[in-house]
Every structure is written in C-alpha cells, then in structure tokens.
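Undergrad: Below is my_file_27.cif; it holds mmCIF, C-alpha atoms and all ligand atoms.
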```
data_query
loop_
_atom_site.label_atom_id
_atom_site.label_comp_id
_atom_site.auth_asym_id
_atom_site.auth_seq_id
_atom_site.Cartn_x
_atom_site.Cartn_y
_atom_site.Cartn_z
CA MET A 1 17.66 -75.63 -43.19
CA ALA A 2 14.02 -76.53 -43.85
CA ARG A 3 13.16 -75.10 -40.40
CA CYS A 4 14.76 -71.80 -41.41
CA LEU A 5 12.85 -71.68 -44.68
CA TYR A 6 9.59 -72.17 -42.77
CA MET A 7 10.63 -69.16 -40.65
CA ALA A 8 10.59 -67.08 -43.83
CA GLY A 9 7.06 -68.35 -44.50
CA ALA A 10 8.20 -70.75 -47.24
CA SER A 11 6.00 -73.65 -48.34
CA ASN A 12 5.82 -76.15 -51.20
CA ARG A 13 4.02 -73.50 -53.27
CA ASP A 14 7.13 -71.31 -53.36
CA VAL A 15 9.76 -71.03 -56.07
CA ILE A 16 13.13 -70.69 -54.36
CA HIS A 17 15.97 -69.14 -56.37
CA VAL A 18 19.34 -70.10 -54.86
CA ALA A 19 22.06 -67.69 -55.99
CA TYR A 20 24.60 -68.74 -53.38
CA GLY A 21 27.58 -70.54 -54.89
CA TYR A 22 27.27 -74.30 -55.32
CA GLY A 23 30.42 -76.42 -55.59
CA LEU A 24 32.50 -76.52 -52.43
CA PHE A 25 30.65 -73.67 -50.68
CA THR A 26 27.98 -74.72 -48.17
CA GLY A 27 25.60 -71.88 -49.09
CA GLY A 28 24.19 -73.17 -52.37
CA LEU A 29 23.73 -76.84 -51.51
CA GLY A 30 22.65 -75.99 -47.95
CA LEU A 31 19.71 -73.86 -49.08
CA HIS A 32 19.00 -76.25 -51.94
CA GLY A 33 18.66 -79.22 -49.57
CA GLY A 34 16.26 -77.31 -47.30
CA ALA A 35 14.18 -76.08 -50.23
CA GLU A 36 13.80 -79.61 -51.62
CA GLU A 37 12.90 -80.94 -48.18
CA ILE A 38 9.89 -78.63 -47.95
CA GLY A 39 8.90 -79.60 -51.49
CA ALA A 40 9.40 -76.18 -53.08
CA MET A 41 10.47 -75.76 -56.67
CA THR A 42 14.18 -74.94 -56.43
CA VAL A 43 16.20 -73.03 -59.02
CA PRO A 44 19.92 -73.84 -58.61
CA ALA A 45 21.17 -70.60 -60.18
CA SER A 46 24.47 -70.54 -58.21
CA GLY A 47 26.58 -67.34 -58.34
CA GLY A 48 27.52 -65.01 -61.20
CA ASN A 49 26.05 -64.41 -64.67
CA THR A 50 23.68 -61.72 -63.46
CA ALA A 51 21.78 -61.29 -66.74
CA ARG A 52 20.85 -64.99 -66.65
CA GLN A 53 19.88 -64.71 -62.95
CA ILE A 54 17.41 -61.94 -63.81
CA GLN A 55 16.01 -64.01 -66.67
CA LEU A 56 15.57 -67.03 -64.38
CA LEU A 57 13.91 -64.94 -61.65
CA MET A 58 11.49 -63.64 -64.24
CA ASP A 59 10.83 -66.89 -66.15
CA PHE A 60 10.28 -69.13 -63.12
CA GLY A 61 8.53 -66.44 -61.05
CA ALA A 62 10.78 -66.89 -58.02
CA THR A 63 9.11 -65.91 -54.74
CA ILE A 64 12.14 -66.36 -52.48
CA LEU A 65 15.66 -65.19 -53.29
CA CYS A 66 18.70 -66.63 -51.47
CA CYS A 67 22.11 -64.92 -51.85
CA THR A 68 24.61 -62.67 -50.09
CA PRO A 69 23.28 -59.18 -49.17
CA SER A 70 25.86 -57.52 -51.40
CA TYR A 71 24.76 -59.64 -54.36
CA ALA A 72 21.11 -58.79 -53.64
CA LEU A 73 22.02 -55.12 -54.08
CA TYR A 74 23.99 -55.88 -57.20
CA LEU A 75 21.01 -57.75 -58.63
CA ALA A 76 18.66 -54.87 -57.75
CA ASP A 77 20.94 -52.43 -59.61
CA ALA A 78 21.22 -54.75 -62.59
CA MET A 79 17.42 -55.21 -62.77
CA LYS A 80 16.93 -51.45 -62.77
CA GLU A 81 19.58 -50.97 -65.41
CA ALA A 82 17.93 -53.60 -67.61
CA GLY A 83 14.73 -51.55 -67.39
CA TYR A 84 12.76 -53.73 -64.98
CA THR A 85 10.78 -52.52 -61.98
CA LYS A 86 10.52 -54.56 -58.79
CA ASP A 87 6.77 -55.05 -59.40
CA GLN A 88 7.53 -57.16 -62.46
CA PHE A 89 9.00 -59.86 -60.21
CA LYS A 90 7.14 -62.05 -57.73
CA LEU A 91 9.78 -61.92 -55.00
CA ARG A 92 8.30 -61.62 -51.51
CA ALA A 93 11.12 -62.84 -49.25
CA GLY A 94 14.89 -62.96 -49.32
CA ILE A 95 17.21 -65.15 -47.26
CA PHE A 96 20.48 -63.30 -47.05
CA GLY A 97 23.67 -64.06 -45.16
CA ALA A 98 27.29 -65.24 -45.35
CA GLU A 99 28.68 -61.77 -44.62
CA PRO A 100 28.10 -59.12 -41.93
CA TRP A 101 25.47 -56.51 -42.90
CA THR A 102 23.68 -53.75 -41.04
CA LEU A 103 19.99 -53.03 -40.45
CA GLU A 104 20.30 -50.00 -42.73
CA MET A 105 21.53 -52.29 -45.52
CA LYS A 106 18.58 -54.61 -44.86
CA GLN A 107 16.10 -51.72 -45.30
CA GLU A 108 17.85 -50.67 -48.47
CA ILE A 109 17.54 -54.18 -49.97
CA GLU A 110 13.89 -54.48 -48.90
CA SER A 111 12.92 -51.24 -50.59
CA ARG A 112 14.88 -51.91 -53.80
CA LEU A 113 13.68 -55.48 -54.32
CA GLY A 114 10.22 -55.12 -52.74
CA LEU A 115 10.61 -58.12 -50.42
CA LYS A 116 11.04 -58.90 -46.74
CA ALA A 117 14.67 -59.67 -45.94
CA TYR A 118 15.56 -62.46 -43.53
CA ASP A 119 18.99 -62.94 -42.06
CA VAL A 120 20.44 -66.46 -42.11
CA TYR A 121 23.56 -67.26 -40.16
CA ARG A 122 25.93 -69.97 -41.18
CA LEU A 123 29.29 -71.49 -40.46
CA SER A 124 30.80 -74.01 -42.87
CA GLU A 125 32.55 -75.70 -39.96
CA ILE A 126 29.27 -76.34 -38.14
CA MET A 127 26.71 -77.09 -40.86
CA GLY A 128 26.58 -74.26 -43.37
CA PRO A 129 23.42 -72.15 -43.52
CA GLY A 130 20.80 -72.72 -40.87
CA VAL A 131 22.65 -72.34 -37.58
CA SER A 132 20.26 -69.46 -36.91
CA MET A 133 17.70 -67.39 -38.79
CA SER A 134 15.63 -64.27 -38.18
CA CYS A 135 11.82 -64.53 -37.90
CA HIS A 136 9.11 -62.16 -39.17
CA GLU A 137 9.32 -60.11 -35.95
CA ASP A 138 12.93 -59.08 -36.70
CA CYS A 139 13.99 -59.57 -33.09
CA GLY A 140 17.32 -61.24 -33.80
CA LEU A 141 18.13 -64.66 -35.19
CA HIS A 142 16.70 -67.80 -33.58
CA ILE A 143 19.48 -70.28 -32.90
CA ASN A 144 18.59 -73.93 -33.47
CA ALA A 145 19.76 -74.61 -29.93
CA ASP A 146 18.55 -78.22 -29.97
CA HIS A 147 21.58 -78.79 -32.25
CA PHE A 148 23.99 -76.01 -31.30
CA ILE A 149 24.54 -74.69 -27.76
CA PRO A 150 25.52 -71.01 -27.90
CA GLU A 151 27.69 -69.01 -25.50
CA ILE A 152 29.12 -65.50 -25.58
CA ILE A 153 32.69 -65.00 -24.44
CA ASP A 154 35.11 -62.13 -24.00
CA PRO A 155 37.35 -62.51 -27.11
CA ASP A 156 40.43 -61.43 -25.17
CA THR A 157 40.11 -63.49 -21.98
CA GLY A 158 37.86 -66.38 -23.11
CA GLU A 159 35.58 -65.83 -20.07
CA VAL A 160 31.84 -66.47 -20.54
CA LEU A 161 29.95 -63.16 -20.43
CA PRO A 162 26.54 -62.61 -18.74
CA ASP A 163 23.42 -62.61 -20.94
CA GLY A 164 22.86 -59.37 -22.83
CA GLU A 165 26.56 -58.53 -23.13
CA LYS A 166 28.29 -58.26 -26.48
CA GLY A 167 31.12 -60.69 -27.20
CA GLU A 168 32.28 -63.52 -29.42
CA LEU A 169 29.85 -66.31 -30.27
CA VAL A 170 30.89 -69.84 -29.35
CA PHE A 171 28.98 -72.99 -30.38
CA SER A 172 29.03 -76.59 -29.19
CA CYS A 173 27.37 -79.19 -31.42
CA VAL A 174 25.20 -81.76 -29.67
CA THR A 175 23.85 -83.77 -32.61
CA LYS A 176 26.54 -83.45 -35.26
CA GLN A 177 28.32 -86.63 -36.22
CA ALA A 178 31.85 -87.18 -37.57
CA LEU A 179 33.06 -83.66 -36.82
CA PRO A 180 31.56 -82.60 -33.49
CA LEU A 181 32.84 -79.18 -32.47
CA LEU A 182 32.98 -78.23 -28.81
CA ARG A 183 33.08 -74.61 -27.72
CA TYR A 184 34.02 -73.56 -31.25
CA ARG A 185 35.01 -69.90 -31.48
CA THR A 186 33.34 -68.18 -34.43
CA ARG A 187 35.06 -64.74 -34.24
CA ASP A 188 31.59 -63.30 -34.89
CA LEU A 189 30.43 -60.67 -32.42
CA SER A 190 26.86 -60.76 -31.11
CA ILE A 191 24.60 -60.64 -28.03
CA LEU A 192 22.39 -63.52 -26.82
CA HIS A 193 18.78 -63.20 -25.61
CA TRP A 194 17.10 -66.15 -23.90
CA GLU A 195 13.60 -64.76 -23.26
CA PRO A 196 10.85 -65.98 -25.67
CA CYS A 197 10.34 -63.97 -28.86
CA LYS A 198 7.19 -62.06 -29.87
CA CYS A 199 6.73 -64.67 -32.62
CA GLY A 200 6.16 -67.33 -29.93
CA ARG A 201 9.36 -69.29 -30.49
CA THR A 202 11.38 -70.11 -27.39
CA LEU A 203 14.68 -70.75 -29.17
CA PRO A 204 17.35 -68.30 -27.95
CA ARG A 205 18.10 -65.37 -30.21
CA MET A 206 21.41 -63.85 -31.27
CA GLU A 207 21.60 -60.25 -32.44
CA LYS A 208 22.50 -59.68 -36.07
CA VAL A 209 26.23 -60.15 -36.59
CA THR A 210 27.62 -56.85 -37.81
CA GLY A 211 31.29 -57.51 -37.20
CA ARG A 212 33.94 -60.08 -36.48
CA SER A 213 36.54 -59.85 -33.76
CA ASP A 214 39.13 -60.16 -36.53
CA ASP A 215 37.68 -57.57 -38.96
CA MET A 216 37.88 -54.82 -36.42
CA LEU A 217 40.28 -52.12 -37.55
CA ILE A 218 42.38 -50.25 -35.04
CA ILE A 219 42.85 -46.75 -36.37
CA ARG A 220 44.83 -44.32 -34.25
CA GLY A 221 44.14 -46.58 -31.29
CA VAL A 222 40.36 -46.51 -31.80
CA ASN A 223 38.42 -49.72 -32.50
CA VAL A 224 36.45 -49.29 -35.71
CA PHE A 225 34.06 -51.78 -37.33
CA PRO A 226 33.26 -51.28 -41.03
CA SER A 227 29.57 -51.79 -40.12
CA GLN A 228 29.62 -48.62 -37.98
CA ILE A 229 30.67 -46.63 -41.03
CA GLU A 230 28.05 -48.40 -43.18
CA SER A 231 25.35 -47.32 -40.69
CA VAL A 232 26.48 -43.68 -40.86
CA LEU A 233 26.63 -43.66 -44.67
CA LEU A 234 23.21 -45.20 -45.15
CA SER A 235 21.53 -43.09 -42.46
CA ILE A 236 22.29 -39.88 -44.31
CA GLY A 237 20.36 -40.42 -47.60
CA GLN A 238 21.45 -39.31 -51.09
CA LEU A 239 24.14 -42.00 -51.10
CA GLU A 240 24.29 -45.45 -52.65
CA PRO A 241 25.04 -48.50 -50.46
CA HIS A 242 28.37 -48.96 -52.26
CA TYR A 243 31.44 -47.87 -50.36
CA MET A 244 35.12 -48.67 -49.81
CA LEU A 245 37.34 -48.02 -46.81
CA TYR A 246 41.09 -47.50 -47.21
CA VAL A 247 43.52 -47.32 -44.34
CA ASP A 248 47.01 -45.91 -44.91
CA ARG A 249 49.85 -44.88 -42.68
CA LYS A 250 51.64 -41.61 -43.25
CA GLY A 251 54.57 -41.32 -40.84
CA ALA A 252 53.11 -42.48 -37.53
CA LEU A 253 49.56 -41.46 -38.37
CA ASP A 254 46.80 -43.74 -39.61
CA ILE A 255 44.64 -42.21 -42.32
CA LEU A 256 41.13 -43.52 -42.96
CA THR A 257 39.62 -42.72 -46.34
CA VAL A 258 35.96 -43.43 -47.02
CA GLU A 259 34.77 -43.50 -50.61
CA VAL A 260 31.04 -43.71 -51.17
CA GLU A 261 28.95 -43.44 -54.31
CA MET A 262 26.51 -40.58 -54.75
CA SER A 263 22.96 -41.14 -55.91
CA GLN A 264 22.33 -40.10 -59.51
CA GLU A 265 20.33 -37.07 -58.28
CA LEU A 266 23.12 -35.83 -56.01
CA PHE A 267 25.71 -36.43 -58.75
CA SER A 268 23.85 -33.99 -61.01
CA ASP A 269 23.46 -31.46 -58.18
CA GLU A 270 25.58 -28.34 -57.63
CA VAL A 271 29.18 -28.78 -56.43
CA LYS A 272 28.52 -26.79 -53.26
CA ASN A 273 25.79 -29.25 -52.22
CA ILE A 274 28.13 -32.18 -52.76
CA GLU A 275 30.83 -30.45 -50.72
CA SER A 276 28.39 -29.69 -47.94
CA LEU A 277 27.33 -33.36 -47.75
CA GLU A 278 31.00 -34.39 -47.58
CA LYS A 279 31.45 -32.06 -44.62
CA LYS A 280 28.32 -33.40 -42.95
CA LEU A 281 29.54 -36.99 -43.37
CA HIS A 282 32.96 -36.09 -42.04
CA ALA A 283 31.39 -34.61 -38.90
CA LYS A 284 29.01 -37.52 -38.40
CA ILE A 285 31.76 -40.13 -38.74
CA GLU A 286 33.89 -38.19 -36.28
CA SER A 287 31.09 -37.96 -33.72
CA THR A 288 30.15 -41.65 -34.14
CA LEU A 289 33.61 -43.22 -34.25
CA GLY A 290 35.72 -40.68 -32.43
CA ILE A 291 38.19 -40.39 -35.31
CA SER A 292 38.21 -38.25 -38.41
CA ALA A 293 38.10 -39.68 -41.90
CA ASP A 294 38.80 -38.30 -45.31
CA VAL A 295 35.41 -38.57 -47.06
CA ARG A 296 35.17 -38.67 -50.85
CA LEU A 297 31.88 -38.79 -52.68
CA VAL A 298 32.44 -40.55 -55.99
CA ALA A 299 30.35 -40.83 -59.14
CA PRO A 300 27.66 -43.54 -59.31
CA LYS A 301 28.82 -47.01 -60.45
CA THR A 302 32.55 -46.32 -60.03
CA LEU A 303 33.34 -48.59 -57.07
CA PRO A 304 33.94 -52.33 -57.56
CA ARG A 305 30.88 -54.58 -57.29
CA SER A 306 30.87 -57.99 -55.73
CA GLU A 307 29.09 -61.04 -57.10
CA GLY A 308 29.85 -62.96 -53.92
CA LYS A 309 31.04 -61.65 -50.60
CA ALA A 310 31.78 -57.94 -50.58
CA LYS A 311 35.33 -56.71 -50.02
CA ARG A 312 34.99 -53.23 -48.62
CA VAL A 313 38.16 -52.69 -46.59
CA ILE A 314 41.67 -52.27 -47.96
CA ASP A 315 44.23 -51.89 -45.22
CA ARG A 316 47.44 -50.70 -46.85
CA ARG A 317 49.32 -50.02 -43.62
CA ASN A 318 51.41 -53.21 -43.69
CA LEU A 319 52.77 -52.33 -47.11
CA PHE A 320 53.93 -49.00 -45.78
CA ASN A 321 55.69 -50.66 -42.85
CA LYS A 322 57.81 -52.94 -44.97
ZN ZN A 401 10.93 -64.78 -33.32
#
```
Produce structure tokens that represent the structure in this file.
TA:
Amino acid sequence: MARCLYMAGASNRDVIHVAYGYGLFTGGLGLHGGAEEIGAMTVPASGGNTARQIQLLMDFGATILCCTPSYALYLADAMKEAGYTKDQFKLRAGIFGAEPWTLEMKQEIESRLGLKAYDVYRLSEIMGPGVSMSCHEDCGLHINADHFIPEIIDPDTGEVLPDGEKGELVFSCVTKQALPLLRYRTRDLSILHWEPCKCGRTLPRMEKVTGRSDDMLIIRGVNVFPSQIESVLLSIGQLEPHYMLYVDRKGALDILTVEVEMSQELFSDEVKNIESLEKKLHAKIESTLGISADVRLVAPKTLPRSEGKAKRVIDRRNLFNK
C-alpha cells in the first residue's frame, strides 16, 4: 500500500486521514499500514460520525483523505452544511475506492473538496487496498503486477480476451503466502493496457472499474450498468450526484425508475423548467441505454445517504414474481 500512497504524491510530511472502516474490513487497516510505512502522520478516523470526521480533518490539517467515493461526497455536503468552505481545509489528494464510480463522479468530488482524486482498487481476498492505483496522469490504474498477474476473460465462456478488450478481471498471486489465489475471478469489468504510461511507470494498467459482471441489470432484455446512468445524470448539470434506481415488473414489462436530486437552484426554479429537464433526461437515457426510464427529479437531500458503500439500485422484480 505504501507504493500506492507514493503514487498519490504522499510523503512523511503528509497527514493521512483514513475514513475507511477499521475492524474486519481491509480498507481501514490496509491504508493505515501503508501510511505508517511511509512515516506519515495517520489519523485512524474509521467510518461514521461525520461531524467528528470534519473536526478531525480541520484540527489535524489532513492533506490526504481516504474513504469510499460516496462518503467523500457525503463529507463534502456535510462540510458545506456546517458552513465550511473547501479552502478552510488542507486536503490536496484523496484515495477513493471500494465501490465502482465513474469519471463524472470523480470530477464532482474533485471540485467539491478541492483535491485531486486517485482511484485505489482492492479485493479483500487478495490483499485489500493496493492491488492497483491510478497515477497523476489519470491513465487507468497501475496494477502491482510483480505481486498479482492480471488477465481479462469473457465472463460467460472463461476464455482469455485479447489486450484492449473489455471483460472480467482475473488475478493470480505470485508472492502471497498462506492463501495464494490462482486465476481468481473478481467479477469486476475492466480493460488491460500493457504499454508504458505517460508517468513513466511500466506496470500494466487497468481501466477504472465502473461495473461488475454481477451488478449488471437486464431490463427488457437490455444490459444496463448503473454507472451508465450515473454518467448521463452527471453530464447534464443542475443535478446532485445522489440518485436511486428502482426496477419493477408490471405484467411482463420491466419498469426502470430513476430518481435524482435537483440542485438547490433548480429546485427553486419554475415548474416548467424542471419538467423540461425531466424530458431531456428521459431522452438522453433512452438514446444512451436503448430503453426508456421513468425519470423523477426530487427535492435536494431527500434520497438516502451512505456512510460506507452506496446502495443505489433496488430491484423489486423478484418480489413481484413470488
Ligand atoms: Zn501512470
């Protein structure tokens, strides 16, 4: 993990605030171990108790924040609500991971917290955080391939796919003791690149994981990843990065409902403008995904917030089948 922290420009002069859960989750202790190894002051904040997190970030002058992307957004909202501006904090980098997130979400976090966001990829089964990490060039995540050999396979047939093709990531551990995993299927979907990066590193890169082969929804026969909808929602402006997807079945038809929070400005706007944005979103989702969705713009701060991993999809179809 120390190698990954160096990738985010960390040194022993940094103050690293770890807001991943400690206990039996690999996130907290994984980052903590790396931060201590490089000799940085480490704040073991763990998850939850957001008011105290903000106080700790302020009091210790944290320069690097480590947590899930959805919690980073939650923190940003809470800081704003408590009357702080991002300039009052010393944060300059964030190491975010443990759940799929899009590039649009990354930009959103960077602008709200005033830091550069790095993507860390982890698997508890392999070693926790630090299997791969993005560099300052943002050209994918460098895999520590001296420890983990990556492959991309077709999730349906198990065949290895040629470089540059999207499929399921598979890792084999070459240095791990006690629990060596061989050709371990991650269910995470990505693309591998073997050519050297602009940053000079020669470690292979994997593209940001934005979906898992088992979180793909099949709606009216069309494959839909929640991340595709997230990209559409965040590309349109005037919306908050808080959304929920509901899938229901009425008769033989699948119904996708997208609820997304409006920005405060849009919320106070005229009804016809809100309706016109709903129509625009409906059309954009249909042209991107090939299926129509019922889009509802909801008032700010009405959707559930996550202090750990975000739960954004509720598939209610099974209940209807019973
Ligand atoms: Zn690089």
Undergrad: Check which residues of chain A sit at most 9 Å from ligand ZN 401 (chain A) using all atoms listed in the file, and return one row each with the closest pair of atoms and their distance in Å to one decimal, ordered by chain and rising number, as a Markdown table.
TA:
```
| residue | atom | partner | partner_atom | distance |
| --- | --- | --- | --- | --- |
| A:Met7 | CA | A:ZN401 | ZN | 8.5 |
| A:Ser134 | CA | A:ZN401 | ZN | 6.8 |
| A:Cys135 | CA | A:ZN401 | ZN | 4.7 |
| A:His136 | CA | A:ZN401 | ZN | 6.7 |
| A:Glu137 | CA | A:ZN401 | ZN | 5.6 |
| A:Asp138 | CA | A:ZN401 | ZN | 6.9 |
| A:Cys139 | CA | A:ZN401 | ZN | 6.0 |
| A:Gly140 | CA | A:ZN401 | ZN | 7.3 |
| A:Leu141 | CA | A:ZN401 | ZN | 7.4 |
| A:His142 | CA | A:ZN401 | ZN | 6.5 |
| A:Pro196 | CA | A:ZN401 | ZN | 7.7 |
| A:Cys197 | CA | A:ZN401 | ZN | 4.6 |
| A:Lys198 | CA | A:ZN401 | ZN | 5.8 |
| A:Cys199 | CA | A:ZN401 | ZN | 4.3 |
| A:Gly200 | CA | A:ZN401 | ZN | 6.4 |
| A:Arg201 | CA | A:ZN401 | ZN | 5.6 |
| A:Thr202 | CA | A:ZN401 | ZN | 8.0 |
| A:Leu203 | CA | A:ZN401 | ZN | 8.2 |
| A:Arg205 | CA | A:ZN401 | ZN | 7.8 |
```
Undergrad: Which residues come within 8 Å of region 230-233 of chain A, counting all atoms listed in the file, excluding same-chain residues fewer than 6 positions away, as a ChimeraX atom specification?
TA: /A:102-105,239,241,243,260,281,284-285,288
Undergrad: Please measure the separation of CA of Tyr246 (chain A) and CA of Ile314 (chain A), giving the value in Å to one decimal.
TA: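 Those two atoms sit 4.9 Å apart.
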Undergrad: Smallest atom-to-atom distance to Met1 (chain A): which of A:Leu266, A:Val120, A:Leu24, A:Leu182, using all atoms listed in the file?
TA: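 So, comparing all the options, the nearest one is A:Val120.
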Undergrad: Pick out the closest residue to Lys208 (chain A) from this set: A:Ala78, A:Ile143, A:Ala252, A:Ala8. Count all atoms listed in the file.
TA: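 Counting all atoms listed in the file, the residue closest to Lys208 (chain A) is A:Ile143.
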Undergrad: Have a look at A:Lys301, A:Lys86, A:Arg317, A:Arg13 and name the one nearest to Arg220 (chain A); count all atoms listed in the file.
TA: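 Closest residue, counting all atoms listed in the file: A:Arg317.
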Undergrad: At a cut-off of 12 Å, using all atoms listed in the file, what residues contact Ala82 (chain A)? Leave out same-chain residues fewer than 5 positions from it and give the result as a list in words.
TA: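 Near Ala82 (chain A), the qualifying residues are Thr50, Ala51, Arg52, Ile54, Gln55, Leu75, Ala76 and Asp77 of chain A.
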Undergrad: Give me the residues within 8 Å of Lys166 (chain A) as a CSV table (one decimal) with C-alpha atoms, keeping the file's coordinate frame, counting all atoms listed in the file and dropping any in the same chain fewer than 3 places off.
TA:
```
chain,number,residue,atom,x,y,z
A,152,ILE,CA,29.1,-65.5,-25.6
A,161,LEU,CA,30.0,-63.2,-20.4
A,189,LEU,CA,30.4,-60.7,-32.4
A,190,SER,CA,26.9,-60.8,-31.1
A,191,ILE,CA,24.6,-60.6,-28.0
A,192,LEU,CA,22.4,-63.5,-26.8
```
Undergrad: Would you be able to write out as JSON, numbers by chain which residues have an atom within 8 Å of (25.8, -69.3, -23.6) in the file's coordinates, counting all atoms listed in the file?
TA: {"A": [149, 150, 151, 152, 160, 163, 170, 192]}
Undergrad: Name the residues, using the chain letters and numbers of the file, that sit within 12 Å of (31.9, -70.1, -34.2) when counting all atoms listed in the file, and give them as a ChimeraX atom specification.
TA: /A:121-128,131-132,148-153,155,167-173,181-190,209,212-213
Undergrad: Between CA of Gly164 (chain A) and CA of Ser287 (chain A), what is the distance in Å, rounded to a tenth?
TA: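 These two atoms are separated by 25.4 Å.
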Undergrad: In Å, how far is it from CA of Met58 (chain A) to CA of Gln238 (chain A)?
TA: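 These two atoms are separated by 29.4 Å.
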Undergrad: For region 26-32 of chain A, work out the shell of residues within 9 Å, counting only C-alpha atoms and skipping chain neighbours fewer than 5 positions away, then give it as number ranges by chain.
TA: A: 1-2, 5, 16-21, 37, 42-47, 66-67, 97-98, 122-124, 127-130
Undergrad: Which polymer residues have any atom within 10 Å of an atom of Ile218 (chain A), counting all atoms listed in the file, with same-chain residues fewer than 4 positions away left out, as a tab-separated table (two decimals) with C-alpha atoms, keeping the file's coordinate frame?
TA:
```tsv
chain	number	residue	atom	x	y	z
A	222	VAL	CA	40.36	-46.51	-31.80
A	223	ASN	CA	38.42	-49.72	-32.50
A	224	VAL	CA	36.45	-49.29	-35.71
A	225	PHE	CA	34.06	-51.78	-37.33
A	247	VAL	CA	43.52	-47.32	-44.34
A	254	ASP	CA	46.80	-43.74	-39.61
```
